[in-house]
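Engineer: See final-v9.csv below, with CSV, C-alpha atoms.
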```
chain,number,residue,atom,x,y,z
G,1,ALA,CA,-17.8,-24.5,-1.9
G,2,ASN,CA,-21.4,-23.8,-2.9
G,3,SER,CA,-21.6,-20.2,-1.4
G,4,GLY,CA,-19.7,-18.5,-4.3
G,5,ILE,CA,-17.5,-16.7,-1.8
G,6,TYR,CA,-14.3,-18.3,-3.1
G,7,ASP,CA,-15.0,-17.2,-6.7
G,8,ALA,CA,-16.0,-13.7,-5.6
G,9,VAL,CA,-12.9,-13.2,-3.5
G,10,LYS,CA,-10.6,-14.4,-6.3
G,11,LYS,CA,-12.4,-12.2,-8.8
G,12,ALA,CA,-11.9,-9.2,-6.5
G,13,GLY,CA,-8.2,-10.0,-6.2
G,14,GLY,CA,-8.3,-11.3,-2.7
G,15,LEU,CA,-6.7,-14.3,-1.1
G,16,VAL,CA,-8.5,-17.4,0.2
G,17,PHE,CA,-6.5,-19.9,2.3
G,18,TYR,CA,-6.9,-22.5,4.9
G,19,VAL,CA,-5.9,-21.6,8.5
G,20,SER,CA,-2.6,-23.3,9.5
G,21,ASP,CA,-1.4,-24.0,13.0
G,22,TRP,CA,1.8,-22.0,12.5
G,23,LYS,CA,-0.3,-18.9,12.0
G,24,PHE,CA,-1.4,-18.8,15.6
G,25,TYR,CA,0.4,-17.0,18.4
G,26,PRO,CA,-0.4,-16.3,22.0
G,27,GLY,CA,-2.8,-13.3,22.1
G,28,GLN,CA,-1.5,-10.3,24.0
G,29,PHE,CA,-4.4,-9.9,26.4
G,30,PRO,CA,-4.3,-7.7,29.5
G,31,PRO,CA,-3.1,-9.2,32.8
G,32,ASN,CA,-5.8,-11.3,34.6
G,33,SER,CA,-7.7,-11.7,31.4
G,34,ALA,CA,-10.0,-14.6,31.1
G,35,MET,CA,-8.4,-15.2,27.7
G,36,ALA,CA,-4.8,-15.1,29.2
G,37,ASP,CA,-2.5,-16.1,26.3
G,38,TRP,CA,-5.1,-17.8,24.2
G,39,PRO,CA,-3.8,-18.7,20.6
G,40,ILE,CA,-5.1,-16.2,18.1
G,41,PHE,CA,-4.9,-16.3,14.3
G,42,ARG,CA,-2.1,-13.8,13.6
G,43,ASP,CA,-3.7,-12.3,10.4
G,44,ALA,CA,-6.9,-11.4,12.3
G,45,VAL,CA,-4.8,-9.1,14.5
G,46,GLU,CA,-2.3,-7.8,11.9
G,47,CYS,CA,-4.7,-7.1,9.0
G,48,ASP,CA,-5.4,-3.5,7.9
G,49,CYS,CA,-9.1,-4.0,8.1
G,50,PHE,CA,-11.1,-6.8,9.9
G,51,ILE,CA,-14.6,-7.3,8.6
G,52,ASN,CA,-16.6,-9.8,10.6
G,53,VAL,CA,-19.5,-11.5,8.7
G,54,PRO,CA,-21.5,-13.8,11.0
G,55,VAL,CA,-24.7,-15.6,10.2
G,56,ALA,CA,-27.3,-14.9,12.9
G,57,LYS,CA,-28.4,-18.0,14.8
G,58,HIS,CA,-29.4,-19.4,18.2
G,59,HIS,CA,-26.7,-20.9,20.3
G,60,ALA,CA,-27.5,-23.2,23.2
G,61,LEU,CA,-24.7,-21.9,25.4
G,62,THR,CA,-24.5,-18.2,24.6
G,63,GLY,CA,-28.0,-17.6,23.6
G,64,LEU,CA,-27.1,-16.2,20.1
G,65,THR,CA,-24.3,-16.4,17.7
G,66,LEU,CA,-23.7,-12.9,16.2
G,67,SER,CA,-20.5,-10.9,15.7
G,68,MET,CA,-18.8,-11.4,19.0
G,69,LYS,CA,-19.5,-15.2,19.1
G,70,ASN,CA,-18.3,-15.4,15.5
G,71,LEU,CA,-14.9,-14.2,16.6
G,72,MET,CA,-14.2,-17.7,18.1
G,73,GLY,CA,-13.3,-18.5,14.5
G,74,VAL,CA,-9.9,-16.8,15.0
G,75,CYS,CA,-9.1,-18.7,18.2
G,76,GLY,CA,-6.9,-21.8,18.2
G,77,GLY,CA,-6.3,-24.1,21.2
G,78,SER,CA,-8.8,-26.3,22.9
G,79,ARG,CA,-12.1,-24.7,21.9
G,80,GLY,CA,-13.9,-26.7,24.6
G,81,GLN,CA,-12.1,-24.6,27.2
G,82,MET,CA,-13.5,-21.4,25.7
G,83,HIS,CA,-16.9,-22.4,27.1
G,84,TRP,CA,-15.9,-21.7,30.7
G,85,ASN,CA,-16.6,-18.0,31.4
G,86,ILE,CA,-17.5,-17.6,27.7
G,87,ASP,CA,-19.3,-14.3,28.0
G,88,GLN,CA,-16.3,-12.5,29.5
G,89,LYS,CA,-14.0,-14.2,27.0
G,90,LEU,CA,-16.1,-13.1,24.0
G,91,ALA,CA,-16.1,-9.5,25.3
G,92,GLU,CA,-12.3,-9.6,25.8
G,93,LEU,CA,-11.8,-11.2,22.3
G,94,THR,CA,-13.9,-8.4,20.8
G,95,ALA,CA,-11.7,-5.8,22.5
G,96,TYR,CA,-8.6,-7.5,21.2
G,97,ILE,CA,-9.6,-8.0,17.6
G,98,LYS,CA,-11.4,-4.7,17.3
G,99,PRO,CA,-13.4,-5.4,14.1
G,100,ASN,CA,-13.6,-2.4,11.8
G,101,LEU,CA,-16.9,-3.5,10.3
G,102,THR,CA,-19.6,-6.0,11.3
G,103,VAL,CA,-22.0,-7.3,8.7
G,104,ILE,CA,-24.6,-9.7,10.2
G,105,ASP,CA,-26.4,-12.0,7.8
G,106,ALA,CA,-30.0,-12.2,9.2
G,107,THR,CA,-31.6,-13.2,5.9
G,108,ARG,CA,-32.6,-16.5,7.4
G,109,VAL,CA,-32.1,-17.1,11.2
G,110,LEU,CA,-32.1,-20.2,13.3
G,111,LEU,CA,-34.3,-19.3,16.3
G,112,ARG,CA,-34.0,-22.5,18.3
G,113,HIS,CA,-31.9,-25.6,18.8
G,114,GLY,CA,-28.6,-24.0,17.6
G,115,PRO,CA,-26.0,-23.9,16.6
G,116,THR,CA,-26.3,-27.3,14.8
G,117,GLY,CA,-29.7,-28.8,15.5
G,118,GLY,CA,-33.2,-27.8,14.7
G,119,ASP,CA,-35.3,-28.1,11.6
G,120,MET,CA,-36.9,-25.8,9.1
G,121,ALA,CA,-39.7,-25.0,11.7
G,122,ASP,CA,-36.9,-23.3,13.7
G,123,VAL,CA,-35.8,-21.0,10.9
G,124,ARG,CA,-37.4,-17.6,10.1
G,125,ARG,CA,-36.8,-15.6,7.0
G,126,LEU,CA,-36.0,-12.0,8.0
G,127,ASN,CA,-34.4,-10.9,4.7
G,128,THR,CA,-32.2,-8.5,6.8
G,129,VAL,CA,-28.6,-7.6,6.9
G,130,VAL,CA,-27.3,-5.6,9.9
G,131,ALA,CA,-24.1,-3.6,9.3
G,132,GLY,CA,-22.1,-1.2,11.5
G,133,THR,CA,-18.8,-0.2,13.1
G,134,ASP,CA,-20.0,-0.9,16.7
G,135,PRO,CA,-20.0,-4.7,17.3
G,136,VAL,CA,-22.0,-4.3,20.5
G,137,LEU,CA,-24.7,-2.2,18.9
G,138,THR,CA,-24.9,-4.4,15.8
G,139,ASP,CA,-25.3,-7.5,18.0
G,140,ALA,CA,-27.8,-5.7,20.2
G,141,TYR,CA,-29.9,-4.8,17.2
G,142,ALA,CA,-29.7,-8.2,15.7
G,143,ALA,CA,-30.7,-9.7,19.0
G,144,THR,CA,-34.0,-7.8,18.9
G,145,LEU,CA,-34.6,-9.2,15.4
G,146,MET,CA,-34.5,-12.6,17.0
G,147,GLU,CA,-36.9,-11.5,19.7
G,148,ARG,CA,-34.2,-11.3,22.4
G,149,LYS,CA,-33.3,-8.5,24.8
G,150,PRO,CA,-29.7,-7.5,24.2
G,151,GLU,CA,-29.1,-7.0,27.9
G,152,ASP,CA,-30.1,-10.7,28.5
G,153,ILE,CA,-27.3,-12.0,26.3
G,154,GLY,CA,-24.3,-12.3,28.6
G,155,HIS,CA,-21.5,-11.5,26.2
G,156,ILE,CA,-23.3,-8.5,24.7
G,157,ARG,CA,-23.9,-7.1,28.2
G,158,ALA,CA,-20.2,-7.8,29.2
G,159,ALA,CA,-18.9,-6.0,26.1
G,160,ALA,CA,-21.2,-3.0,26.9
G,161,GLU,CA,-19.9,-3.0,30.5
G,162,MET,CA,-16.3,-2.9,29.1
G,163,LYS,CA,-17.3,0.2,27.1
G,164,LEU,CA,-16.7,-1.6,23.8
G,165,GLY,CA,-19.9,-0.3,22.3
G,166,SER,CA,-23.4,0.7,23.1
G,167,LEU,CA,-26.6,-1.2,24.0
G,168,ASP,CA,-28.7,1.9,23.5
G,169,LEU,CA,-30.8,1.3,20.4
G,170,LYS,CA,-32.7,4.5,20.9
G,171,HIS,CA,-29.7,6.6,20.0
G,172,ALA,CA,-28.5,4.4,17.2
G,173,HIS,CA,-28.5,5.6,13.7
G,174,ILE,CA,-30.5,2.9,12.0
G,175,ARG,CA,-31.4,3.1,8.3
G,176,LYS,CA,-33.6,0.6,6.6
G,177,LEU,CA,-32.8,0.2,2.9
G,178,ALA,CA,-34.9,-1.6,0.3
G,179,VAL,CA,-32.8,-3.8,-2.0
```
Let me see the file written as structure tokens.
Structural biologist:
Amino acid sequence: ANSGIYDAVKKAGGLVFYVSDWKFYPGQFPPNSAMADWPIFRDAVECDCFINVPVAKHHALTGLTLSMKNLMGVCGGSRGQMHWNIDQKLAELTAYIKPNLTVIDATRVLLRHGPTGGDMADVRRLNTVVAGTDPVLTDAYAATLMERKPEDIGHIRAAAEMKLGSLDLKHAHIRKLAV
């Protein structure tokens, strides 16, 4: 309500709506997938362009919440069950949704006690936004901003092993822009 997102979307002619249970359907994951037939928000799969806009933060279970972890927002069902084998599930979810663009908000990041705890001493202002078309690479780069090695974050490593993107920051085309 206070973010201004609703007004901006409406002004641009977009739609803002609440997610309804009837909009979920069993995801069409490969056989033997850790995700099996997990309920997925239909519009996330059927849309023309999926733009994922997570806020970078620490997460006690996965290490970090970045673009791949943010995709849990399109999952229905019993969210607690997602936590078993979560790294593989997040990689498979990324393969299924296939975000067209990832924009990670790292203007202020929660470095410890996430996703819900902590205090202002756990927050660092980075004034950074990371954007790209490779969700693995954007997460890998954002992890380094949070003083983490991308290969140490299980779901980032799993997604790279599935060839969903690259962990190789040396060959990434990174541009820093002043705004």
Engineer: Would you work out the distance separating CA of Cys47 in chain G from CA of Pro150 in chain G, expressed in Å to one decimal?
Structural biologist: 29.3 Å
Engineer: Between G:Val16, G:Leu126, G:Leu164, G:Met146, which residue has the minimum interatomic distance to His58 in chain G, considering only C-alpha atoms?
Structural biologist: G:Met146
Engineer: Show me, as a tab-separated table, the residues of range 91-126 of chain G having an atom within 10 Å of range 63-67 of chain G, each with the closest atom pair and its distance in Å, using all atoms listed in the file.
Structural biologist:
```
residue	atom	partner	partner_atom	distance
G:Thr94	CA	G:Ser67	CA	8.7
G:Pro99	CA	G:Ser67	CA	9.1
G:Leu101	CA	G:Ser67	CA	9.8
G:Thr102	CA	G:Ser67	CA	6.6
G:Val103	CA	G:Ser67	CA	8.0
G:Ile104	CA	G:Leu66	CA	6.9
G:Asp105	CA	G:Leu66	CA	8.9
G:Ala106	CA	G:Leu66	CA	9.4
G:Leu110	CA	G:Leu64	CA	9.3
G:Leu111	CA	G:Leu64	CA	8.7
G:Arg112	CA	G:Gly63	CA	9.4
G:Gly114	CA	G:Leu64	CA	8.3
G:Pro115	CA	G:Thr65	CA	7.8
```
Engineer: Tell me which protein, DNA and RNA residues are within 7 Å of Gly76 in chain G, counting only C-alpha atoms, leaving out same-chain ones fewer than 4 positions away, and put them as a list in words.
Structural biologist: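 Contacts, in chain order: Phe24, Pro39 and Ile40 of chain G.
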Engineer: Using the selection just defined, write its residues with C-alpha atoms as an mmCIF file, keeping the file's coordinate frame.
Structural biologist:
```cif
data_model
loop_
_atom_site.group_PDB
_atom_site.id
_atom_site.type_symbol
_atom_site.label_atom_id
_atom_site.label_comp_id
_atom_site.auth_asym_id
_atom_site.auth_seq_id
_atom_site.Cartn_x
_atom_site.Cartn_y
_atom_site.Cartn_z
ATOM 1 C CA PHE G 24 -1.400 -18.800 15.600
ATOM 2 C CA PRO G 39 -3.800 -18.700 20.600
ATOM 3 C CA ILE G 40 -5.100 -16.200 18.100
#
```
Engineer: Sort by chain and increasing residue number a table of all residues of range 50-89 of chain G within 12 Å of range 18-21 of chain G, each with its closest pair of atoms and their distance in Å to one decimal, counting only C-alpha atoms, and write it as a Markdown table.
Structural biologist:
```
| residue | atom | partner | partner_atom | distance |
| --- | --- | --- | --- | --- |
| G:Gly73 | CA | G:Val19 | CA | 10.0 |
| G:Val74 | CA | G:Val19 | CA | 9.0 |
| G:Cys75 | CA | G:Val19 | CA | 10.6 |
| G:Gly76 | CA | G:Asp21 | CA | 7.9 |
| G:Gly77 | CA | G:Asp21 | CA | 9.6 |
```
Engineer: For His155 in chain G, which residue among G:Met68, G:Ala143, G:Ile174, G:Ile51 is the nearest when counting all atoms listed in the file?
Structural biologist: G:Met68
